[in-house]
Amino acid sequence: MASLVLSPAEQDFIIRGVEKGLRSDGRSNLDRREVTLRTGMISQANGSARCRIGNLGVGTDVLVGVKAEVNTWAPGEPETTGSVICNVECSPSAAQEFEGRGADEINVELTQLLDRIMSGGAQGGDGLDLSSLCIIPKQAYWVLHVDALVLDVRGGITDALVMATRAALMETRLPRVVVETITDDAGATQAEFDVVDDAEDMVALSGVSGLPLAVTFNQIGKRYAVDASEQEEAVTQAKLTVAVSPKMDICAIQKGGMFRGFPPSLLSEILQTAQRIAKEEFVRFGTLYEAAAKTSEQQSDGPSTGSTFLVPF
């Protein structure tokens, strides 16, 4: 995906550094860059978050918004569950290769990965409890539209995307729904519902605490590195994203783009390393999300400006 062109000397410097466990920016192979997380970024959405990995102007920046709507059940659809529809778009300003139709392939790849991770609860795994999105079986259900916009790319796009989406879904609130059973003159009964239009009477999504985080490994030379920078992605030989749940279960694995696969000798080691890193990432995510929630609450207590982006980032 990286369009950065490096000289042979620069490529050799990066490869040798990773093989020796000391990267060009001073990190070890398993260290992640600084992460900035904010929630409540889009006032019109049911939930939103923005995540940046790296420093301002030289990091990967992703904005995610969640919008909920009531959909009417149709024959052939699941009878007792709601649904999640994911869509990822890379802004043409994020990277030169995203101009025109250049982003189509990466948009599809990221959308498919995000959909697999966030809909894991539908297969009984970790993730959203889709059954809680059902309002009345075979009649009405909630649809969650998860729309992500990649604003800037400097390596590590998948990890930032999953982290921002997890935060946005954790912040998402749905209006309370009142279901009543109505009996007509003929004695037949049918269920009807009413969506309570009260901003103070909202409910959180069920199962969001089980949503996973992603750890992406880039093979550079004979070794691999986590959270590759733009320069490191330019010399990447293979890429693998591993999604790990809070229970340390591996719930999704995806090879990146047109890269070749990892050697079998490294796969077992990578999966074990992913679980170890994810354990630390969940602790850090909890700290970041708690701080972001407090910041969002403080901003909401201030005067409204009518702006879409209310939280400084």
# chains A, B, ... in the order shown; residues from 1 in each chain; ligands from 1

$ select_by_dssp --residues "region 164-218 of chain A" --states "strand (DSSP E or B)" --output "JSON, numbers by chain"
{"A": [173, 174, 175, 177, 178, 179, 180, 181, 182, 183, 189, 190, 191, 192, 193, 194, 195, 202, 203, 204, 213, 214, 215, 216, 217, 218]}

$ residues_around --residues "region 200-215 of chain A" --least-positions-apart "4" --cutoff "9 Å" --atoms "only C-alpha atoms" --output "MDAnalysis selection string"
chainID A and resid 117:118 120:121 125:130 132:133 158:163 166 169:176 196 226:227 240:252 274:275 277:278 281:282

$ closest_residue --among "A:Arg32, A:Arg154, A:Arg38, A:Lys279" --to "Lys294 (chain A)" --atoms "only C-alpha atoms"
A:Arg38

$ residues_around --residues "Thr165 (chain A)" --least-positions-apart "6" --cutoff "8 Å" --atoms "only C-alpha atoms" --output "PyMOL selection string"
chain A and resi 48-49+64-65+146+148

$ select_by_dssp --residues "region 7-171 of chain A" --states "alpha helix (DSSP H)" --output "VMD selection string"
chain A and resid 8 to 19 104 to 118 157 to 171

$ closest_residue --among "A:Ala238, A:Ile106, A:Val153, A:Ala167" --to "Lys222 (chain A)" --atoms "only C-alpha atoms"
A:Ala238

$ residues_around --residues "Pro92 (chain A)" --least-positions-apart "3" --cutoff "12 Å" --atoms "only C-alpha atoms" --output "ChimeraX atom specification"
/A:89,95-104,107,149-153

$ atom_distance --atom1 "CA of Asp197 (chain A)" --atom2 "CA of His145 (chain A)"
19.5 Å

$ residues_around --residues "Thr111 (chain A)" --least-positions-apart "4" --cutoff "8 Å" --atoms "only C-alpha atoms" --output "PyMOL selection string"
chain A and resi 86-88+107+115

$ atom_distance --atom1 "CA of Gly26 (chain A)" --atom2 "CA of Ala225 (chain A)"
12.6 Å

$ closest_residue --among "A:Gln11, A:Thr183, A:Ser296, A:Ser131" --to "Ser43 (chain A)" --atoms "only C-alpha atoms"
A:Ser296

$ residues_around --residues "Val179 (chain A)" --least-positions-apart "4" --cutoff "10 Å" --atoms "only C-alpha atoms" --output "PyMOL selection string"
chain A and resi 135-136+191-195

$ closest_residue --among "A:Leu4, A:Val235, A:Ala74, A:Val178" --to "Pro137 (chain A)" --atoms "only C-alpha atoms"
A:Ala74

$ closest_residue --among "A:Arg276, A:Val66, A:Gln254, A:Phe13" --to "Thr39 (chain A)" --atoms "only C-alpha atoms"
A:Val66

$ atom_distance --atom1 "CA of Leu56 (chain A)" --atom2 "CA of Ile253 (chain A)"
29.5 Å

$ residues_around --residues "Ile53 (chain A)" --least-positions-apart "6" --cutoff "9 Å" --atoms "only C-alpha atoms" --output "compact mmCIF listing (two decimals) with C-alpha atoms, in the first residue's frame"
# COMPACT_ATOMS: atom_id res chain seq x y z
CA ARG A 32 3.73 0.68 19.30
CA ARG A 33 3.83 4.40 18.61
CA GLU A 34 1.95 6.93 20.73
CA VAL A 35 -1.85 6.54 20.49
CA THR A 36 -4.35 9.41 20.80
CA LEU A 37 -8.04 8.55 21.23
CA GLY A 59 0.67 9.51 12.09
CA THR A 60 -2.28 7.45 10.88
CA ASP A 61 -5.60 9.18 11.60
CA VAL A 62 -9.02 7.44 11.47
CA ARG A 154 1.57 6.74 7.97
CA GLY A 155 1.53 2.99 8.61
CA GLY A 156 -0.59 0.86 10.96
CA ILE A 157 -3.92 1.67 9.32
CA ASP A 159 -4.86 -1.27 14.08
CA ALA A 160 -6.02 2.37 14.21
CA ASP A 227 2.87 -1.10 14.10

$ closest_residue --among "A:Val58, A:Leu267, A:Cys51, A:Ile182" --to "Gln231 (chain A)" --atoms "only C-alpha atoms"
A:Val58
